$ cat start.cif   # mmCIF, C-alpha atoms and all ligand atoms
data_start
loop_
_atom_site.label_atom_id
_atom_site.label_comp_id
_atom_site.auth_asym_id
_atom_site.auth_seq_id
_atom_site.Cartn_x
_atom_site.Cartn_y
_atom_site.Cartn_z
CA MET A 83 194.81 106.48 34.68
CA GLY A 84 195.77 105.33 38.17
CA LEU A 85 198.46 102.65 38.53
CA GLY A 86 197.28 101.12 41.81
CA TYR A 87 196.03 97.58 42.62
CA VAL A 88 193.50 97.89 39.74
CA GLY A 89 195.38 99.93 37.10
CA LEU A 90 198.78 98.25 37.24
CA PRO A 91 197.50 94.68 36.70
CA LEU A 92 195.46 95.97 33.74
CA ALA A 93 198.48 97.77 32.26
CA VAL A 94 200.61 94.64 32.54
CA ALA A 95 197.85 92.42 31.09
CA PHE A 96 197.38 94.60 27.99
CA ALA A 97 201.15 94.92 27.51
CA GLU A 98 201.48 91.13 27.73
CA GLU A 99 198.92 90.92 24.92
CA GLY A 100 201.21 93.08 22.76
CA HIS A 101 199.48 96.43 23.23
CA ASP A 102 201.40 99.64 23.88
CA VAL A 103 200.29 101.03 27.22
CA VAL A 104 200.56 104.55 28.63
CA GLY A 105 200.25 104.37 32.42
CA VAL A 106 199.60 107.68 34.17
CA ASP A 107 199.73 108.24 37.92
CA ILE A 108 200.01 111.47 39.92
CA ASP A 109 202.32 109.75 42.44
CA ALA A 110 205.87 110.29 41.10
CA ARG A 111 207.23 107.65 43.50
CA LYS A 112 205.12 105.00 41.78
CA ILE A 113 206.40 106.12 38.36
CA GLU A 114 210.01 106.03 39.61
CA ALA A 115 209.52 102.53 41.01
CA LEU A 116 207.95 101.33 37.75
CA SER A 117 210.74 102.84 35.67
CA ARG A 118 213.17 100.87 37.85
CA GLY A 119 211.06 97.77 37.17
CA ASP A 120 210.00 97.55 40.84
CA SER A 121 206.39 96.55 41.46
CA TYR A 122 204.62 97.84 44.59
CA ILE A 123 201.58 95.61 44.03
CA GLU A 124 201.87 92.17 45.68
CA ASP A 125 199.84 90.50 42.94
CA ILE A 126 202.23 91.77 40.22
CA PRO A 127 205.73 90.37 40.81
CA SER A 128 208.53 92.67 39.58
CA GLU A 129 209.75 89.96 37.18
CA ARG A 130 206.36 90.01 35.44
CA LEU A 131 206.38 93.81 35.35
CA ARG A 132 209.91 93.86 33.89
CA ALA A 133 208.95 91.35 31.21
CA ALA A 134 206.12 93.65 30.09
CA SER A 135 207.81 97.00 30.76
CA GLU A 136 209.03 97.48 27.18
CA ARG A 137 205.42 98.16 26.22
CA ILE A 138 204.50 100.22 29.29
CA GLU A 139 205.24 103.94 29.34
CA ALA A 140 204.79 104.95 32.99
CA THR A 141 204.48 108.71 33.42
CA THR A 142 202.98 111.52 35.47
CA ARG A 143 202.31 113.38 32.18
CA ALA A 144 198.61 112.92 31.41
CA ALA A 145 199.10 114.61 28.03
CA ASN A 146 200.36 111.30 26.63
CA LEU A 147 196.85 109.89 26.97
CA SER A 148 195.74 111.85 23.93
CA ARG A 149 197.68 109.30 21.82
CA CYS A 150 195.67 106.37 23.20
CA ASP A 151 192.74 104.54 21.59
CA ALA A 152 191.29 103.69 24.99
CA VAL A 153 191.62 105.15 28.49
CA LEU A 154 190.78 103.04 31.57
CA VAL A 155 190.10 105.16 34.64
CA CYS A 156 191.20 103.29 37.79
CA VAL A 157 191.45 106.00 40.43
CA PRO A 158 190.46 105.57 44.09
CA THR A 159 186.85 106.12 45.19
CA PRO A 160 187.22 106.45 48.96
CA LEU A 161 184.87 107.83 51.61
CA THR A 162 185.02 111.21 53.30
CA ALA A 163 185.54 111.30 57.07
CA ASN A 164 181.71 111.29 57.36
CA ARG A 165 181.51 108.07 55.34
CA GLU A 166 180.14 109.77 52.24
CA PRO A 167 181.38 109.12 48.68
CA ASP A 168 184.51 111.13 47.83
CA LEU A 169 184.57 111.45 44.04
CA GLY A 170 187.36 114.03 44.22
CA PRO A 171 190.07 111.87 42.63
CA LEU A 172 187.61 110.69 39.94
CA VAL A 173 186.37 114.18 39.09
CA ASN A 174 189.95 115.50 38.93
CA ALA A 175 191.06 112.68 36.64
CA THR A 176 188.00 113.16 34.43
CA ARG A 177 188.68 116.90 34.16
CA VAL A 178 192.27 116.22 33.09
CA LEU A 179 191.00 113.72 30.54
CA ALA A 180 188.39 116.16 29.18
CA ASP A 181 191.18 118.53 28.16
CA LEU A 182 192.92 115.74 26.23
CA LEU A 183 189.98 113.82 24.83
CA GLN A 184 190.18 112.86 21.16
CA ARG A 185 187.41 111.99 18.75
CA GLY A 186 186.87 108.22 18.56
CA GLN A 187 188.54 107.47 21.90
CA LEU A 188 187.03 104.96 24.35
CA VAL A 189 186.88 105.85 28.05
CA VAL A 190 186.06 103.14 30.61
CA LEU A 191 185.57 103.68 34.33
CA GLU A 192 186.75 100.74 36.50
CA SER A 193 186.53 102.31 39.96
CA THR A 194 183.76 101.10 42.25
CA THR A 195 181.07 103.73 42.63
CA TYR A 196 177.35 104.40 42.97
CA PRO A 197 174.90 103.88 40.11
CA GLY A 198 174.77 106.95 37.87
CA THR A 199 178.39 108.07 38.24
CA THR A 200 179.39 107.30 34.64
CA ARG A 201 176.36 108.93 33.03
CA GLU A 202 175.68 111.78 35.46
CA ARG A 203 179.20 112.74 36.66
CA MET A 204 181.75 111.59 34.09
CA ALA A 205 179.89 112.16 30.80
CA PRO A 206 179.07 115.86 31.44
CA ILE A 207 182.66 116.62 32.43
CA LEU A 208 184.07 114.81 29.39
CA GLU A 209 181.61 116.68 27.17
CA GLU A 210 183.15 119.96 28.33
CA SER A 211 185.65 119.00 25.62
CA GLY A 212 182.94 119.77 23.07
CA LEU A 213 182.75 116.11 22.09
CA VAL A 214 179.50 114.22 22.67
CA ALA A 215 179.53 110.93 24.59
CA GLY A 216 178.27 107.99 22.55
CA GLN A 217 178.66 110.05 19.38
CA ASP A 218 182.17 111.54 19.16
CA PHE A 219 183.75 109.31 21.80
CA HIS A 220 182.75 106.12 23.60
CA LEU A 221 182.10 105.80 27.33
CA ALA A 222 181.56 102.64 29.33
CA TYR A 223 181.69 101.22 32.85
CA SER A 224 183.35 97.92 33.82
CA PRO A 225 183.91 97.26 37.52
CA GLU A 226 187.23 95.89 38.72
CA ARG A 227 186.97 92.55 40.49
CA VAL A 228 190.53 92.37 41.78
CA ASP A 229 190.71 90.08 44.83
CA PRO A 230 194.09 90.76 46.44
CA GLY A 231 196.08 87.59 47.07
CA ARG A 232 193.82 85.38 44.98
CA THR A 233 195.56 83.24 42.33
CA ASP A 234 192.84 80.84 41.14
CA TYR A 235 190.82 83.65 39.64
CA THR A 236 192.64 86.34 37.68
CA LEU A 237 191.71 89.13 35.25
CA ARG A 238 191.83 86.58 32.45
CA ASN A 239 189.37 84.01 33.88
CA THR A 240 187.08 86.22 36.00
CA PRO A 241 183.97 87.19 33.97
CA LYS A 242 184.14 90.90 33.12
CA VAL A 243 180.89 92.80 33.55
CA LEU A 244 180.50 95.86 31.36
CA ALA A 245 178.03 98.27 29.79
CA GLY A 246 178.35 101.24 27.47
CA LEU A 247 176.52 104.51 27.53
CA THR A 248 175.24 103.31 24.14
CA GLU A 249 175.29 99.92 22.43
CA ALA A 250 178.20 101.10 20.29
CA CYS A 251 180.11 102.19 23.39
CA GLY A 252 179.52 98.72 24.84
CA ASP A 253 180.74 97.06 21.64
CA GLN A 254 183.95 99.10 21.75
CA ALA A 255 184.56 98.20 25.39
CA GLU A 256 183.80 94.53 24.75
CA ALA A 257 186.28 94.44 21.86
CA LEU A 258 188.92 95.94 24.13
CA TYR A 259 188.43 93.64 27.11
CA ARG A 260 188.30 90.53 24.96
CA GLU A 261 192.05 91.10 24.64
CA VAL A 262 192.60 90.29 28.33
CA CYS A 263 189.41 88.57 29.55
CA ASP A 264 187.97 85.23 28.44
CA GLU A 265 184.37 86.01 29.36
CA ILE A 266 182.49 89.28 28.91
CA VAL A 267 179.14 89.86 30.63
CA ARG A 268 177.27 92.64 28.85
CA VAL A 269 174.55 94.35 30.88
CA SER A 270 171.98 96.87 29.71
CA SER A 271 173.36 100.08 31.27
CA PRO A 272 176.30 101.54 33.18
CA GLU A 273 173.96 101.89 36.17
CA VAL A 274 173.36 98.13 36.16
CA ALA A 275 177.10 97.47 35.97
CA GLU A 276 177.85 99.97 38.77
CA LEU A 277 175.22 98.43 41.03
CA THR A 278 176.36 94.88 40.21
CA LYS A 279 179.74 95.57 41.75
CA LEU A 280 178.21 97.14 44.84
CA LEU A 281 175.84 94.20 45.30
CA GLU A 282 178.79 91.77 45.20
CA ASN A 283 180.53 93.57 48.06
CA ILE A 284 177.41 94.45 50.04
CA PHE A 285 176.51 90.76 49.93
CA ARG A 286 179.81 89.96 51.67
CA SER A 287 179.64 92.87 54.10
CA VAL A 288 176.12 91.92 55.25
CA ASN A 289 176.89 88.23 55.62
CA ILE A 290 180.13 88.89 57.47
CA ALA A 291 178.22 91.22 59.81
CA MET A 292 175.55 88.60 60.37
CA VAL A 293 178.04 85.91 61.42
CA ASN A 294 179.96 88.45 63.52
CA GLU A 295 176.78 89.37 65.40
CA ILE A 296 176.10 85.71 66.09
CA ALA A 297 179.71 85.36 67.27
CA MET A 298 179.08 88.10 69.84
CA LEU A 299 176.05 86.12 71.01
CA THR A 300 177.81 82.73 71.14
CA ASP A 301 180.50 84.40 73.22
CA ARG A 302 177.86 85.00 75.88
CA MET A 303 176.25 81.60 75.37
CA ASP A 304 179.64 79.86 75.63
CA ILE A 305 179.13 78.12 72.28
CA ASP A 306 181.99 77.63 69.76
CA ILE A 307 180.94 79.76 66.77
CA TRP A 308 183.31 77.91 64.45
CA GLU A 309 181.78 74.56 65.33
CA VAL A 310 178.43 76.10 64.42
CA VAL A 311 179.69 77.51 61.12
CA ASP A 312 181.42 74.21 60.24
CA ALA A 313 178.24 72.27 60.94
CA ALA A 314 176.04 74.71 58.99
CA ALA A 315 178.45 74.52 56.06
CA THR A 316 177.76 70.79 55.76
CA LYS A 317 174.39 71.70 54.28
CA PRO A 318 174.82 70.95 50.55
CA TYR A 319 172.59 73.83 49.48
CA GLY A 320 171.17 77.12 50.75
CA PHE A 321 174.02 78.09 53.08
CA MET A 322 177.19 80.01 52.26
CA ARG A 323 180.06 80.00 54.69
CA PHE A 324 181.35 83.26 56.10
CA GLU A 325 183.86 83.44 58.91
CA PRO A 326 183.46 85.57 62.02
CA GLY A 327 186.46 87.68 62.83
CA PRO A 328 187.86 90.92 64.25
CA GLY A 329 186.02 93.01 61.68
CA MET A 330 186.10 93.76 58.00
CA GLY A 331 189.14 95.39 56.46
CA GLY A 332 190.39 96.22 53.00
CA HIS A 333 189.64 99.04 50.66
CA CYS A 334 186.41 97.68 49.31
CA LEU A 335 184.00 96.06 51.73
CA PRO A 336 184.22 98.75 54.44
CA VAL A 337 183.78 101.43 51.75
CA ASP A 338 181.64 100.35 48.81
CA PRO A 339 178.34 99.75 50.66
CA PHE A 340 178.26 103.39 51.77
CA TYR A 341 178.34 104.53 48.16
CA LEU A 342 174.96 102.89 47.76
CA SER A 343 173.44 103.96 51.09
CA TRP A 344 174.35 107.56 50.25
CA ARG A 345 172.82 107.33 46.77
CA ALA A 346 169.70 105.60 48.10
CA ARG A 347 168.90 108.62 50.25
CA GLU A 348 168.27 110.58 47.04
CA PHE A 349 165.47 108.09 46.42
CA ASP A 350 164.07 108.48 49.96
CA LEU A 351 165.24 105.04 51.00
CA THR A 352 167.43 104.21 53.98
CA THR A 353 169.32 101.01 53.24
CA GLU A 354 169.03 99.47 56.71
CA PHE A 355 171.01 96.32 55.89
CA ILE A 356 174.01 98.30 54.74
CA GLU A 357 173.95 100.63 57.72
CA LEU A 358 173.45 97.77 60.19
CA ALA A 359 176.23 95.68 58.66
CA GLY A 360 178.52 98.67 58.87
CA LYS A 361 177.69 99.18 62.55
CA VAL A 362 178.13 95.51 63.51
CA ASN A 363 181.43 95.07 61.68
CA GLN A 364 182.71 98.33 63.15
CA GLN A 365 181.96 96.99 66.65
CA MET A 366 184.05 93.85 66.27
CA PRO A 367 187.43 95.33 67.25
CA TYR A 368 185.83 96.63 70.47
CA HIS A 369 184.34 93.19 71.16
CA CYS A 370 187.74 91.57 70.57
CA VAL A 371 189.51 93.97 72.93
CA SER A 372 186.94 93.31 75.66
CA LYS A 373 187.68 89.61 75.16
CA VAL A 374 191.39 90.26 75.74
CA GLU A 375 190.56 92.26 78.88
CA ARG A 376 188.46 89.39 80.21
CA VAL A 377 191.09 86.75 79.52
CA LEU A 378 193.84 88.79 81.17
CA ASN A 379 191.56 89.58 84.08
CA ALA A 380 190.79 85.89 84.53
CA ALA A 381 194.56 85.38 84.81
CA GLY A 382 194.71 88.15 87.40
CA LYS A 383 196.39 90.57 85.00
CA PRO A 384 195.40 94.11 84.07
CA VAL A 385 195.70 95.09 80.42
CA HIS A 386 197.92 97.96 81.53
CA GLY A 387 201.51 96.77 81.32
CA SER A 388 200.64 93.31 80.01
CA ARG A 389 202.65 92.26 76.96
CA VAL A 390 200.08 91.61 74.24
CA VAL A 391 201.58 90.30 71.00
CA ILE A 392 199.44 90.42 67.88
CA PHE A 393 199.92 87.73 65.24
CA GLY A 394 198.84 89.04 61.81
CA VAL A 395 198.10 92.76 61.28
CA SER A 396 197.19 92.96 57.58
CA TYR A 397 193.49 93.04 56.68
CA LYS A 398 193.33 89.44 55.47
CA PRO A 399 195.47 86.29 55.28
CA GLY A 400 198.22 86.05 52.71
CA VAL A 401 198.49 89.77 51.89
CA GLY A 402 200.53 92.62 53.36
CA ASP A 403 197.77 95.18 52.79
CA LEU A 404 196.94 97.22 55.92
CA ARG A 405 194.10 99.25 54.41
CA GLY A 406 191.16 99.32 56.82
CA SER A 407 192.70 96.46 58.78
CA PRO A 408 190.79 95.77 62.02
CA ALA A 409 194.17 94.98 63.64
CA LEU A 410 195.04 98.69 63.50
CA LYS A 411 191.92 99.55 65.48
CA ILE A 412 192.75 96.83 67.99
CA VAL A 413 196.29 98.22 68.36
CA THR A 414 194.83 101.66 69.07
CA LEU A 415 192.29 100.37 71.60
CA LEU A 416 194.78 98.16 73.46
CA GLY A 417 197.35 100.95 73.38
CA ALA A 418 194.81 103.26 75.01
CA LEU A 419 194.41 100.67 77.78
CA GLY A 420 198.17 100.74 78.37
CA ALA A 421 199.01 97.35 76.93
CA ASP A 422 202.68 96.76 76.07
CA LEU A 423 202.17 95.95 72.39
CA ALA A 424 204.17 94.08 69.79
CA TYR A 425 203.35 92.09 66.67
CA HIS A 426 204.54 89.41 64.29
CA ASP A 427 203.49 89.48 60.62
CA PRO A 428 205.62 87.97 57.83
CA HIS A 429 203.85 90.25 55.30
CA VAL A 430 204.14 93.54 57.19
CA PRO A 431 207.70 94.52 58.27
CA ALA A 432 206.53 97.70 59.99
CA LEU A 433 203.32 99.54 60.76
CA ASP A 434 202.84 102.76 58.75
CA ASP A 435 202.69 104.97 61.85
CA GLY A 436 206.43 104.33 62.25
CA GLY A 437 205.90 102.74 65.60
CA LEU A 438 205.98 99.00 65.77
CA ARG A 439 208.14 96.69 63.66
CA SER A 440 207.37 93.00 63.16
CA LEU A 441 209.26 90.77 65.62
CA SER A 442 210.52 87.34 64.63
CA PHE A 443 208.07 84.57 65.41
CA ASP A 444 210.15 83.25 68.32
CA ASP A 445 210.91 86.68 69.80
CA ALA A 446 207.22 87.54 69.58
CA LEU A 447 206.19 84.32 71.28
CA GLU A 448 208.85 84.38 73.98
CA SER A 449 208.02 87.89 75.09
CA CYS A 450 204.23 87.70 75.33
CA ASP A 451 201.84 87.49 78.27
CA LEU A 452 199.03 87.02 75.78
CA ALA A 453 199.15 86.09 72.10
CA LEU A 454 196.34 87.60 70.04
CA ILE A 455 195.73 85.97 66.65
CA VAL A 456 194.09 88.67 64.51
CA THR A 457 194.96 87.62 60.93
CA ALA A 458 195.91 83.98 60.42
CA HIS A 459 198.51 83.99 57.66
CA PRO A 460 199.29 80.72 55.90
CA GLY A 461 202.74 79.48 56.94
CA VAL A 462 202.53 80.84 60.49
CA ASP A 463 202.69 78.04 63.07
CA HIS A 464 199.52 78.75 65.03
CA ASP A 465 199.75 75.42 66.85
CA ALA A 466 203.08 76.54 68.28
CA ILE A 467 201.43 79.74 69.46
CA ALA A 468 198.75 77.69 71.23
CA GLU A 469 201.41 75.46 72.82
CA ARG A 470 203.92 78.08 73.87
CA ALA A 471 202.03 81.28 74.69
CA PRO A 472 200.85 81.65 78.32
CA LEU A 473 197.47 82.96 77.12
CA VAL A 474 195.97 82.88 73.63
CA VAL A 475 192.99 84.74 72.20
CA ASP A 476 192.25 83.43 68.71
CA LEU A 477 190.00 85.68 66.61
CA ARG A 478 190.15 83.39 63.55
CA GLY A 479 189.45 79.93 64.99
CA VAL A 480 192.77 78.44 63.81
CA THR A 481 193.75 76.93 67.19
CA ARG A 482 190.44 75.37 68.11
CA GLY A 483 190.70 72.59 70.67
CA ALA A 484 194.00 73.88 72.05
CA ARG A 485 193.99 73.90 75.89
CA ARG A 486 194.97 77.47 76.52
CA THR A 487 193.13 79.07 73.58
CA VAL A 488 190.14 81.34 74.02
CA LEU A 489 188.19 81.81 70.82
CA LEU A 490 186.40 84.92 69.51
N1 LIG B 1 186.20 88.55 56.06
C1 LIG B 1 185.60 88.00 57.20
N2 LIG B 1 184.87 86.87 57.04
C2 LIG B 1 184.72 86.26 55.82
C3 LIG B 1 185.34 86.84 54.68
C4 LIG B 1 186.08 87.99 54.83
O1 LIG B 1 185.73 88.51 58.33
O2 LIG B 1 184.08 85.22 55.77
C5 LIG B 1 186.99 89.79 56.23
C6 LIG B 1 188.44 89.62 55.77
O3 LIG B 1 189.22 89.16 56.85
C7 LIG B 1 188.81 91.06 55.39
C8 LIG B 1 187.51 91.59 54.81
O4 LIG B 1 186.47 90.75 55.32
O5 LIG B 1 189.17 91.81 56.52
C9 LIG B 1 187.47 91.63 53.29
O6 LIG B 1 188.07 90.49 52.77
P1 LIG B 1 187.50 89.79 51.43
O7 LIG B 1 188.43 88.73 51.04
O8 LIG B 1 186.11 89.43 51.66
O9 LIG B 1 187.47 90.94 50.36
P2 LIG B 1 188.48 91.95 49.67
O10 LIG B 1 188.16 93.30 50.17
O11 LIG B 1 189.88 91.53 49.79
O12 LIG B 1 188.04 91.81 48.17
C10 LIG B 1 186.70 92.02 47.85
C11 LIG B 1 186.31 90.89 46.93
N3 LIG B 1 184.89 90.94 46.68
C12 LIG B 1 184.20 89.82 46.50
O13 LIG B 1 184.67 88.72 46.59
C13 LIG B 1 182.77 90.01 46.16
C14 LIG B 1 187.03 91.04 45.60
O14 LIG B 1 186.57 90.09 44.69
C15 LIG B 1 186.76 92.44 45.05
O15 LIG B 1 187.36 92.65 43.83
C16 LIG B 1 187.30 93.44 46.05
O16 LIG B 1 186.56 93.30 47.24
C17 LIG B 1 187.09 94.83 45.46
O17 LIG B 1 188.06 95.35 44.88
O18 LIG B 1 185.98 95.33 45.50
#

$ encode --input "start.cif" --output "structure tokens" --more "lines below"
Ligand code: SAJ
Amino acid sequence: MGLGYVGLPLAVAFAEEGHDVVGVDIDARKIEALSRGDSYIEDIPSERLRAASERIEATTRAANLSRCDAVLVCVPTPLTANREPDLGPLVNATRVLADLLQRGQLVVLESTTYPGTTRERMAPILEESGLVAGQDFHLAYSPERVDPGRTDYTLRNTPKVLAGLTEACGDQAEALYREVCDEIVRVSSPEVAELTKLLENIFRSVNIAMVNEIAMLTDRMDIDIWEVVDAAATKPYGFMRFEPGPGMGGHCLPVDPFYLSWRAREFDLTTEFIELAGKVNQQMPYHCVSKVERVLNAAGKPVHGSRVVIFGVSYKPGVGDLRGSPALKIVTLLGALGADLAYHDPHVPALDDGGLRSLSFDDALESCDLALIVTAHPGVDHDAIAERAPLVVDLRGVTRGARRTVLL
């Protein structure tokens, strides 16, 4: 259930292992694309999808799930506008499943969520079917660990954490995932598995915020933050490298931590680290825009009317994913200051809001008063940007040492 960046790779992996897969998604456009053999997920090339498609039945008809031995729930778990968990898509999918649930079926939740979701939200809804979880059907939780754009670690060789509502539920889930994963990590409860995933992403969010805060300080101290990070990373133990940048994008790191801070309030605890990290990372686009203002000002130029060209708008290098991308916030802030904006991104032909389209590298460079490197994609000639652009603000430290570059 849910054929997005989590569900589709799973469907293809099980099909490649010879299993018949029913893939259900409420978005008919996705189903149409899949039936044409067109993949909309960068990590799943269409050739690979086509090779597996004989075993994948893509449909909007949830009823077909009643024929399945196992159902993997991979629906979005976003935040509401007030940054609270929005379990709407999950509750809706679970309700649909409850009407179809068959004795002996296995249900596994993959979506990232707060500890207690599987036992306290999913199980009761599924039991509206009259079947009892852990007795008439199996229920487990196994967090997705999809890292968009990563090729060294895949579903097959990334350890798969899982836990069942009961031992038997866990055994069923383990038997299933052994089909597509080399290593299974069994933990004692779905709550432990749910929190494991959150800890992984909170760990990154907090460390990224920490180095971003120091970057705001080094900006005032006129110290090169990347030189500091490089030097610290020479320590053979006890230090883990995180890069400062324009903020934290994606669909996970800016979202997942708030699932835990919300849940923690029920236990009378305010998770300060999570909140603070969220605040610091959210400030970075504003800090970056003030840097652009200062650099233009130093060149005697107002932001208003200056041609600012952004290099890299997706949320991280090597992917075309715009979800939560700090570049979008920067576009909004600079636009509000009257900048004449354009961008170049080989992974993003056009911005969703139908406004800007990616210029060619040369057109982008020739037309700019200031080049702003926001996401440093591999294959983009950043040295040429540093050589040819009149002014350069580099938010990723890829043109260090260049004469005209101003770093984050
Ligand atoms: N970022 C920095 N500095 C860093 C690292 C990242 O500013 O040192 C920024 C990136 O530019 C990007 C954002 O943080 O805007 C997130 O990028 P990411 O590569 O850290 O993470 P995601 O969101 O693409 O994927 C994460 C991964 N989580 C972990 O590695 C623990 C991935 O493995 C998860 O599966 C994914 O979240 C998820 O689905 O939860």

$ residues_near_ligand --input "start.cif" --ligand "ligand LIG 1 (chain B)" --cutoff "6 Å" --atoms "all atoms listed in the file" --output "short mmCIF file (atom, residue, chain, number, x, y, z; two decimals) with C-alpha atoms, keeping the file's coordinate frame"
data_model
loop_
_atom_site.label_atom_id
_atom_site.label_comp_id
_atom_site.auth_asym_id
_atom_site.auth_seq_id
_atom_site.Cartn_x
_atom_site.Cartn_y
_atom_site.Cartn_z
CA ARG A 227 186.97 92.55 40.49
CA VAL A 228 190.53 92.37 41.78
CA ASP A 229 190.71 90.08 44.83
CA PRO A 230 194.09 90.76 46.44
CA GLU A 282 178.79 91.77 45.20
CA ASN A 283 180.53 93.57 48.06
CA ILE A 290 180.13 88.89 57.47
CA PHE A 324 181.35 83.26 56.10
CA GLU A 325 183.86 83.44 58.91
CA PRO A 326 183.46 85.57 62.02
CA GLY A 327 186.46 87.68 62.83
CA GLY A 329 186.02 93.01 61.68
CA MET A 330 186.10 93.76 58.00
CA GLY A 331 189.14 95.39 56.46
CA GLY A 332 190.39 96.22 53.00
CA HIS A 333 189.64 99.04 50.66
CA CYS A 334 186.41 97.68 49.31
CA LEU A 335 184.00 96.06 51.73
CA TYR A 397 193.49 93.04 56.68
CA LYS A 398 193.33 89.44 55.47
#

$ closest_residue --input "start.cif" --among "A:Gly231, A:Thr487, A:Ala297, A:Thr278" --to "A:Gly400" --atoms "all atoms listed in the file"
A:Gly231

$ residues_around --input "start.cif" --residues "stretch 342-352 of chain A" --least-positions-apart "6" --cutoff "8 Å" --atoms "all atoms listed in the file" --output "list in words"
Glu166, Pro167, Tyr196, Pro197 and Leu280 of chain A

$ atom_distance --input "start.cif" --atom1 "atom CA of A:Asp168" --atom2 "atom CA of A:Ser287"
19.9 Å

$ residues_around --input "start.cif" --residues "stretch 110-118 of chain A" --least-positions-apart "2" --cutoff "6 Å" --atoms "only C-alpha atoms" --output "PyMOL selection string"
chain A and resi 120+140-141

$ axis_aligned_box --input "start.cif" --around "stretch 344-348 of chain A" --padding-each-side "5 Å" --output "JSON"
{"center_x": 171.3, "center_y": 108.1, "center_z": 48.5, "size_x": 16.1, "size_y": 15.0, "size_z": 13.5}

$ residues_around --input "start.cif" --residues "A:Arg185" --least-positions-apart "6" --cutoff "10 Å" --atoms "all atoms listed in the file" --output "PyMOL selection string"
chain A and resi 148+151+211-215+217-220

$ residues_around --input "start.cif" --residues "A:Leu183" --least-positions-apart "2" --cutoff "10 Å" --atoms "all atoms listed in the file" --output "compact mmCIF listing (two decimals) with C-alpha atoms, keeping the file's coordinate frame"
# COMPACT_ATOMS: atom_id res chain seq x y z
CA ALA A 145 199.10 114.61 28.03
CA LEU A 147 196.85 109.89 26.97
CA SER A 148 195.74 111.85 23.93
CA ARG A 149 197.68 109.30 21.82
CA CYS A 150 195.67 106.37 23.20
CA VAL A 153 191.62 105.15 28.49
CA THR A 176 188.00 113.16 34.43
CA ARG A 177 188.68 116.90 34.16
CA VAL A 178 192.27 116.22 33.09
CA LEU A 179 191.00 113.72 30.54
CA ALA A 180 188.39 116.16 29.18
CA ASP A 181 191.18 118.53 28.16
CA ARG A 185 187.41 111.99 18.75
CA GLY A 186 186.87 108.22 18.56
CA GLN A 187 188.54 107.47 21.90
CA LEU A 188 187.03 104.96 24.35
CA VAL A 189 186.88 105.85 28.05
CA LEU A 208 184.07 114.81 29.39
CA GLU A 209 181.61 116.68 27.17
CA GLU A 210 183.15 119.96 28.33
CA SER A 211 185.65 119.00 25.62
CA GLY A 212 182.94 119.77 23.07
CA LEU A 213 182.75 116.11 22.09
CA ASP A 218 182.17 111.54 19.16
CA PHE A 219 183.75 109.31 21.80

$ residues_around --input "start.cif" --residues "A:Pro171" --least-positions-apart "3" --cutoff "8 Å" --atoms "all atoms listed in the file" --output "list in words"
Val157, Pro158, Thr159, Asp168, Asn174 and Ala175 of chain A

$ build_atoms --input "start.cif" --residues "stretch 93-100 of chain A" --atoms "N, CA, C and O atoms" --output "PDB file, in the coordinates of the input"
ATOM      1  N   ALA A  93     197.408  97.305  33.144  1.00  0.00           N
ATOM      2  CA  ALA A  93     198.480  97.770  32.260  1.00  0.00           C
ATOM      3  C   ALA A  93     199.370  96.601  31.844  1.00  0.00           C
ATOM      4  O   ALA A  93     199.668  96.411  30.661  1.00  0.00           O
ATOM      5  N   VAL A  94     199.730  95.778  32.829  1.00  0.00           N
ATOM      6  CA  VAL A  94     200.610  94.640  32.540  1.00  0.00           C
ATOM      7  C   VAL A  94     199.884  93.628  31.635  1.00  0.00           C
ATOM      8  O   VAL A  94     200.456  93.113  30.676  1.00  0.00           O
ATOM      9  N   ALA A  95     198.612  93.404  31.894  1.00  0.00           N
ATOM     10  CA  ALA A  95     197.850  92.420  31.090  1.00  0.00           C
ATOM     11  C   ALA A  95     197.772  92.844  29.626  1.00  0.00           C
ATOM     12  O   ALA A  95     198.010  92.044  28.721  1.00  0.00           O
ATOM     13  N   PHE A  96     197.465  94.130  29.378  1.00  0.00           N
ATOM     14  CA  PHE A  96     197.380  94.600  27.990  1.00  0.00           C
ATOM     15  C   PHE A  96     198.757  94.584  27.323  1.00  0.00           C
ATOM     16  O   PHE A  96     198.902  94.212  26.159  1.00  0.00           O
ATOM     17  N   ALA A  97     199.784  94.945  28.072  1.00  0.00           N
ATOM     18  CA  ALA A  97     201.150  94.920  27.510  1.00  0.00           C
ATOM     19  C   ALA A  97     201.528  93.484  27.149  1.00  0.00           C
ATOM     20  O   ALA A  97     202.095  93.238  26.081  1.00  0.00           O
ATOM     21  N   GLU A  98     201.162  92.540  27.998  1.00  0.00           N
ATOM     22  CA  GLU A  98     201.480  91.130  27.730  1.00  0.00           C
ATOM     23  C   GLU A  98     200.754  90.632  26.473  1.00  0.00           C
ATOM     24  O   GLU A  98     201.200  89.700  25.821  1.00  0.00           O
ATOM     25  N   GLU A  99     199.649  91.289  26.135  1.00  0.00           N
ATOM     26  CA  GLU A  99     198.920  90.920  24.920  1.00  0.00           C
ATOM     27  C   GLU A  99     199.436  91.687  23.705  1.00  0.00           C
ATOM     28  O   GLU A  99     198.806  91.720  22.649  1.00  0.00           O
ATOM     29  N   GLY A 100     200.559  92.416  23.895  1.00  0.00           N
ATOM     30  CA  GLY A 100     201.210  93.080  22.760  1.00  0.00           C
ATOM     31  C   GLY A 100     200.728  94.497  22.495  1.00  0.00           C
ATOM     32  O   GLY A 100     201.056  95.083  21.464  1.00  0.00           O
TER      33      GLY A 100
END
